[in-house]
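Colleague: My structure is in structure18.csv, and what it holds is CSV, C-alpha atoms and all ligand atoms:
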chain,number,residue,atom,x,y,z
A,1,MET,CA,-20.5,16.3,-26.6
A,2,ASN,CA,-22.3,14.9,-29.5
A,3,THR,CA,-19.3,13.1,-30.9
A,4,VAL,CA,-18.8,11.3,-27.6
A,5,GLU,CA,-22.5,10.5,-27.2
A,6,GLY,CA,-22.8,9.3,-30.7
A,7,SER,CA,-19.9,6.8,-30.3
A,8,VAL,CA,-20.8,5.2,-27.0
A,9,GLU,CA,-22.6,2.4,-28.9
A,10,ALA,CA,-19.5,1.7,-31.0
A,11,ARG,CA,-17.1,2.0,-28.0
A,12,VAL,CA,-19.1,-0.4,-25.9
A,13,SER,CA,-19.3,-2.9,-28.7
A,14,HIS,CA,-15.6,-2.6,-29.4
A,15,GLU,CA,-14.6,-3.1,-25.7
A,16,VAL,CA,-17.0,-6.1,-25.4
A,17,ASP,CA,-15.3,-7.6,-28.5
A,18,ARG,CA,-11.9,-7.2,-26.9
A,19,TRP,CA,-13.0,-8.7,-23.6
A,20,LEU,CA,-14.5,-11.6,-25.6
A,21,ALA,CA,-11.2,-12.1,-27.4
A,22,TRP,CA,-9.4,-12.2,-24.1
A,23,LEU,CA,-11.8,-14.6,-22.3
A,24,PRO,CA,-10.6,-17.9,-23.9
A,25,ARG,CA,-7.1,-17.2,-22.4
A,26,TRP,CA,-8.5,-16.8,-18.9
A,27,ARG,CA,-7.5,-19.5,-16.4
A,28,PRO,CA,-8.6,-19.8,-12.8
A,29,GLY,CA,-5.8,-18.4,-10.6
A,30,THR,CA,-4.1,-20.4,-7.9
A,31,HIS,CA,-3.3,-17.4,-5.8
A,32,ARG,CA,-5.2,-16.6,-2.6
A,33,ALA,CA,-8.7,-15.1,-3.0
A,34,ARG,CA,-8.9,-11.3,-2.3
A,35,VAL,CA,-9.8,-10.5,1.3
A,36,ARG,CA,-11.5,-7.2,0.6
A,37,LEU,CA,-14.3,-6.7,-1.9
A,38,CYS,CA,-13.3,-4.9,-5.1
A,39,GLN,CA,-14.7,-1.4,-5.0
A,40,ARG,CA,-14.9,-1.4,-8.8
A,41,CYS,CA,-16.9,-4.6,-9.2
A,42,PHE,CA,-18.9,-5.1,-6.0
A,43,GLY,CA,-22.5,-4.0,-6.7
A,44,SER,CA,-21.5,-2.6,-10.1
A,45,PRO,CA,-24.5,-1.7,-12.2
A,46,ILE,CA,-22.4,-2.2,-15.3
A,47,LEU,CA,-21.7,-5.9,-14.4
A,48,ALA,CA,-25.4,-6.3,-13.6
A,49,ALA,CA,-26.3,-4.9,-17.0
A,50,ALA,CA,-23.8,-7.3,-18.7
A,51,GLY,CA,-25.3,-10.2,-16.8
A,52,LEU,CA,-21.9,-10.8,-15.1
A,53,GLU,CA,-22.9,-10.0,-11.5
A,54,VAL,CA,-23.3,-13.5,-10.1
A,55,ASP,CA,-21.4,-16.8,-10.4
A,56,VAL,CA,-18.6,-15.3,-12.4
A,57,PRO,CA,-15.1,-15.3,-11.0
A,58,HIS,CA,-13.8,-11.8,-10.0
A,59,PRO,CA,-10.9,-11.6,-12.4
A,60,VAL,CA,-13.3,-12.2,-15.3
A,61,GLN,CA,-15.6,-9.5,-13.9
A,62,HIS,CA,-12.8,-7.2,-13.2
A,63,ALA,CA,-11.4,-7.3,-16.8
A,64,PHE,CA,-14.8,-6.3,-18.0
A,65,SER,CA,-15.3,-3.5,-15.4
A,66,MET,CA,-11.9,-2.0,-16.3
A,67,ARG,CA,-12.7,-2.0,-20.0
A,68,MET,CA,-16.0,-0.1,-19.4
A,69,LYS,CA,-14.1,2.2,-16.9
A,70,GLY,CA,-11.7,3.0,-19.7
A,71,ILE,CA,-14.5,4.2,-21.9
A,72,ILE,CA,-15.8,6.5,-19.1
A,73,ASP,CA,-12.4,7.8,-18.2
A,74,LEU,CA,-11.6,8.8,-21.8
A,75,ALA,CA,-14.9,10.4,-22.3
A,76,VAL,CA,-14.7,12.4,-19.0
A,77,ASP,CA,-11.2,13.6,-19.9
A,78,ASP,CA,-12.4,14.7,-23.3
A,79,TYR,CA,-15.5,16.5,-21.8
A,80,THR,CA,-13.3,18.1,-19.1
A,81,ALA,CA,-10.8,19.4,-21.6
A,82,ARG,CA,-13.6,20.9,-23.7
A,83,ASN,CA,-15.9,22.3,-21.1
A,84,LEU,CA,-14.3,22.6,-17.7
A,85,PRO,CA,-11.3,24.8,-17.9
A,86,MET,CA,-10.6,25.1,-14.1
A,87,LEU,CA,-10.8,21.4,-13.4
A,88,HIS,CA,-8.8,20.6,-16.5
A,89,ARG,CA,-6.0,22.9,-15.3
A,90,GLU,CA,-6.0,21.5,-11.8
A,91,ILE,CA,-5.8,17.9,-13.1
A,92,ARG,CA,-2.9,18.9,-15.4
A,93,LEU,CA,-1.1,20.6,-12.5
A,94,ALA,CA,-1.6,17.6,-10.3
A,95,GLU,CA,-0.2,15.3,-13.0
A,96,GLU,CA,2.9,17.6,-13.4
A,97,ARG,CA,3.5,17.6,-9.6
A,98,LYS,CA,3.2,13.8,-9.6
A,99,ALA,CA,5.7,13.5,-12.4
A,100,ARG,CA,8.2,15.7,-10.5
A,101,ARG,CA,7.8,13.7,-7.3
A,102,PRO,CA,11.2,13.0,-5.7
A,103,TYR,CA,12.7,9.7,-6.1
A,104,ARG,CA,12.6,7.8,-2.9
A,105,ALA,CA,14.9,4.8,-2.6
A,106,GLY,CA,12.9,3.4,0.3
A,107,GLU,CA,9.6,3.3,-1.6
A,108,GLY,CA,8.2,0.2,-3.2
A,109,LEU,CA,10.5,-2.2,-1.4
A,110,ASP,CA,9.3,-5.6,-0.1
A,111,PRO,CA,8.4,-5.5,3.6
A,112,GLU,CA,11.6,-7.3,4.6
A,113,PHE,CA,13.7,-4.4,3.3
A,114,LEU,CA,11.7,-1.5,4.8
A,115,GLY,CA,13.6,0.7,7.2
A,116,LEU,CA,17.0,-0.8,6.5
A,117,GLU,CA,20.1,1.2,5.7
A,118,LEU,CA,20.1,1.5,1.9
A,119,ASP,CA,23.7,2.3,1.3
A,120,PRO,CA,26.7,0.2,2.5
A,121,GLU,CA,29.1,1.8,5.0
A,122,PRO,CA,31.5,4.1,3.0
A,123,VAL,CA,35.0,2.7,2.8
A,124,PRO,CA,37.8,5.4,3.0
A,125,ASP,CA,39.5,6.1,-0.4
A,126,GLN,CA,36.8,4.2,-2.2
A,127,PRO,CA,34.0,6.6,-2.8
A,128,PHE,CA,30.9,5.3,-4.5
A,129,LEU,CA,30.0,7.1,-7.7
A,130,PHE,CA,26.6,7.9,-6.3
A,131,THR,CA,24.6,6.8,-3.2
A,132,LEU,CA,20.9,6.3,-2.9
A,133,THR,CA,20.8,8.9,-0.2
A,134,GLY,CA,22.5,11.4,-2.5
A,135,LEU,CA,20.0,10.6,-5.3
A,136,GLU,CA,17.1,11.3,-2.9
A,137,ALA,CA,18.6,14.7,-1.9
A,138,ASP,CA,19.1,15.7,-5.6
A,139,ALA,CA,15.6,14.7,-6.5
A,140,ALA,CA,14.1,16.6,-3.5
A,141,ALA,CA,16.0,19.7,-4.4
A,142,GLU,CA,14.7,19.6,-7.9
A,143,ALA,CA,11.2,19.1,-6.7
A,144,ALA,CA,11.2,22.1,-4.4
A,145,GLU,CA,8.9,24.7,-5.8
A,146,PRO,CA,6.8,27.6,-4.6
A,147,ALA,CA,3.4,26.7,-3.1
A,148,PRO,CA,0.5,27.5,-5.4
A,149,ARG,CA,-1.6,30.6,-4.7
A,150,PRO,CA,-4.6,29.6,-2.6
A,151,PHE,CA,-8.1,29.8,-4.3
A,152,THR,CA,-10.5,32.6,-3.6
A,153,MET,CA,-14.0,31.7,-2.4
A,154,ASP,CA,-15.4,32.3,-5.9
A,155,GLU,CA,-12.8,30.1,-7.5
A,156,LYS,CA,-13.5,27.3,-5.1
A,157,GLU,CA,-17.2,27.6,-5.8
A,158,ALA,CA,-16.5,27.5,-9.6
A,159,LEU,CA,-14.2,24.5,-9.3
A,160,ARG,CA,-16.8,22.7,-7.2
A,161,GLU,CA,-19.4,23.3,-9.8
A,162,GLU,CA,-17.0,21.9,-12.5
A,163,VAL,CA,-16.4,18.8,-10.4
A,164,ARG,CA,-20.1,18.3,-10.1
A,165,LEU,CA,-20.6,18.7,-13.9
A,166,ALA,CA,-17.8,16.1,-14.6
A,167,ASP,CA,-19.4,13.8,-12.1
A,168,ASP,CA,-22.9,14.2,-13.7
A,169,PHE,CA,-21.4,13.5,-17.1
A,170,ALA,CA,-19.7,10.3,-15.8
A,171,LYS,CA,-22.9,9.1,-14.2
A,172,GLN,CA,-24.9,9.8,-17.3
A,173,LEU,CA,-22.4,8.0,-19.5
A,174,GLY,CA,-22.4,5.1,-17.0
A,175,ARG,CA,-26.2,4.8,-17.5
A,176,ARG,CA,-25.9,4.9,-21.3
A,177,ILE,CA,-23.3,2.1,-21.1
A,178,CYS,CA,-25.6,0.0,-19.0
A,179,SER,CA,-28.5,0.4,-21.4
A,180,GLU,CA,-26.1,-0.3,-24.3
A,181,LEU,CA,-24.9,-3.5,-22.6
A,182,THR,CA,-28.3,-5.1,-22.7
A,183,HIS,CA,-27.7,-5.6,-26.5
A,184,HIS,CA,-24.6,-7.6,-25.7
A,185,ARG,CA,-25.9,-9.8,-22.8
A,186,GLU,CA,-26.6,-12.7,-25.1
A,187,ARG,CA,-23.1,-13.0,-26.6
A,188,ILE,CA,-21.5,-12.4,-23.2
A,189,ALA,CA,-23.6,-15.2,-21.6
A,190,VAL,CA,-22.7,-17.6,-24.5
A,191,ALA,CA,-18.9,-16.9,-24.0
A,192,VAL,CA,-19.2,-17.4,-20.2
A,193,ALA,CA,-20.9,-20.7,-20.7
A,194,GLU,CA,-18.2,-21.8,-23.2
A,195,PHE,CA,-15.0,-20.5,-21.6
A,196,VAL,CA,-15.6,-19.9,-17.9
A,197,GLU,CA,-18.2,-22.4,-16.6
A,198,PRO,CA,-16.3,-25.6,-17.8
A,199,GLN,CA,-13.2,-24.4,-16.0
A,200,ILE,CA,-15.2,-23.8,-12.8
A,201,GLU,CA,-16.7,-27.3,-13.1
A,202,ASP,CA,-13.3,-28.8,-13.5
A,203,LEU,CA,-12.1,-27.1,-10.4
A,204,LEU,CA,-15.1,-28.3,-8.4
A,205,ALA,CA,-14.6,-31.8,-9.8
A,206,ASP,CA,-10.9,-31.8,-8.8
A,207,LEU,CA,-11.9,-30.6,-5.3
A,208,ASP,CA,-14.4,-33.4,-5.1
A,209,ARG,CA,-11.9,-36.0,-6.1
A,210,GLU,CA,-9.4,-34.7,-3.5
A,211,LEU,CA,-12.0,-34.9,-0.8
A,212,ASP,CA,-12.9,-38.4,-1.8
A,213,SER,CA,-9.4,-39.8,-2.1
A,214,PRO,CA,-8.4,-41.8,1.0
A,215,GLY,CA,-5.0,-40.0,1.0
A,216,TRP,CA,-6.7,-36.9,2.1
A,217,LEU,CA,-7.6,-38.4,5.4
A,218,GLY,CA,-4.0,-39.2,6.0
A,301,ZN,ZN,-12.9,-5.9,-9.5
How does this structure look as structure tokens?

Modeller:
Amino acid sequence: MNTVEGSVEARVSHEVDRWLAWLPRWRPGTHRARVRLCQRCFGSPILAAAGLEVDVPHPVQHAFSMRMKGIIDLAVDDYTARNLPMLHREIRLAEERKARRPYRAGEGLDPEFLGLELDPEPVPDQPFLFTLTGLEADAAAEAAEPAPRPFTMDEKEALREEVRLADDFAKQLGRRICSELTHHRERIAVAVAEFVEPQIEDLLADLDRELDSPGWLG
């Protein structure tokens, strides 16, 4: 635990460096604004600690949030592997099951293709080398495996305790990152003023010009 604790300062500093290196390349998107609030960013104490909670476009915030999340995820994985054997095993098994998930030809298609027949009508004497339906059947057969043995009450209790410990560890680390970020607020603010604010001002100026131009009224 000490090694992880001891390096929080360095990791935060490093991830702030990388975010600062990315920031000059950021451009305001032309895509639609998100409809739902981002669970990761909305009300994030980490963004507040970094001074990024207001007047900063979401993609800029999000890139920062994800970098800090990466620090937490890695540290929690490490802590779990060292200290929480049951949880570690369950996570590993879940990952293995996910990797063996059957291939489904109908998944991940654009809405206009959903529910359509995936294979063309077979033509007599011209068999296809393989069909998507056949691939799905092969994959499903490979993935069939015996159901895992259910947990005993004691095991469930022990696992719950390990989940609680992992959660505590993540929260504690989140608080350390927040306090660490106070040392970086200044350079974060300088970069936002240099690379983000002028672009927002340009956007607003463009919008003003469009509203003022006679063409806009038709
Ligand atoms: Zn976000």

Colleague: Within 10 Å of ligand ZN 301 (chain A), which residues show up when you count only C-alpha atoms and all ligand atoms? List them as a list in words, please.

Modeller: Arg34, Leu37, Cys38, Gln39, Arg40, Cys41, Phe42, Ser44, Pro57, His58, Pro59, Val60, Gln61, His62, Ala63, Phe64, Ser65 and Met66 of chain A

Colleague: Of the residues A:Arg149, A:Leu204, A:Val196, A:Glu162, which is the one nearest to Val56 of chain A, using all atoms listed in the file?

Modeller: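 The answer is A:Val196, which sits nearest to Val56 of chain A.
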
Colleague: Pick from A:Pro102, A:Asp206, A:Ile177, A:Leu165: nearest to Tyr79 of chain A, with all atoms listed in the file counted?

Modeller: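 The closest residue to Tyr79 of chain A is A:Leu165.
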
Colleague: Could you name the residues that touch Val163 of chain A at 10 Å or less, counting only C-alpha atoms, but leaving out those on the same chain fewer than 4 positions away, as a PDB file with C-alpha atoms, keeping the file's coordinate frame?

Modeller:
ATOM      1  CA  THR A  80     -13.300  18.100 -19.100  1.00  0.00           C
ATOM      2  CA  LEU A  84     -14.300  22.600 -17.700  1.00  0.00           C
ATOM      3  CA  MET A  86     -10.600  25.100 -14.100  1.00  0.00           C
ATOM      4  CA  LEU A  87     -10.800  21.400 -13.400  1.00  0.00           C
ATOM      5  CA  HIS A  88      -8.800  20.600 -16.500  1.00  0.00           C
ATOM      6  CA  GLU A 157     -17.200  27.600  -5.800  1.00  0.00           C
ATOM      7  CA  ALA A 158     -16.500  27.500  -9.600  1.00  0.00           C
ATOM      8  CA  LEU A 159     -14.200  24.500  -9.300  1.00  0.00           C
ATOM      9  CA  ASP A 167     -19.400  13.800 -12.100  1.00  0.00           C
ATOM     10  CA  ASP A 168     -22.900  14.200 -13.700  1.00  0.00           C
ATOM     11  CA  PHE A 169     -21.400  13.500 -17.100  1.00  0.00           C
TER      12      PHE A 169
END

Colleague: Nearest to Arg175 of chain A: which of A:Asp208, A:Ala193, A:Pro45, A:Pro198 is it, counting all atoms listed in the file?

Modeller: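 Once distances to Arg175 of chain A are computed over all atoms listed in the file, the minimum belongs to A:Pro45.
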
Colleague: I'd like the interatomic distance between atom CA of Gly29 of chain A and atom CA of Leu181 of chain A, to a tenth of an Å.

Modeller: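 About the pair atom CA of Gly29 of chain A and atom CA of Leu181 of chain A: they are 27.0 Å apart.
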
Colleague: Let me make sure I understand: among A:Thr182, A:Ala75, A:Glu197, A:Ala147, which one has the smallest atom-to-atom distance to Ala170 of chain A if we use only C-alpha atoms?

Modeller: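 Between A:Thr182, A:Ala75, A:Glu197, A:Ala147, the residue approaching Ala170 of chain A most closely is A:Ala75.
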
Colleague: Could you state the separation of atom CA of Phe151 of chain A and atom CA of Arg92 of chain A in Å, given to one decimal place?

Modeller: 16.4 Å

Colleague: Counting only C-alpha atoms, which of A:Ile200, A:Leu20, A:Val54, A:Val12 gets nearest to His183 of chain A?

Modeller: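 Checking each of A:Ile200, A:Leu20, A:Val54, A:Val12 against His183 of chain A, counting only C-alpha atoms, the winner is A:Val12.
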
Colleague: Can you work out the spacing between atom CA of Asn83 of chain A and atom CA of Asp154 of chain A in Å, to one decimal?

Modeller: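 So the answer is 18.2 Å.
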
Colleague: Which residue gives the smallest distance to Asp77 of chain A among A:Arg18, A:Pro24, A:Ala166, A:Glu210, with all atoms listed in the file counted?

Modeller: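 Using all atoms listed in the file, the shortest distance to Asp77 of chain A belongs to A:Ala166.
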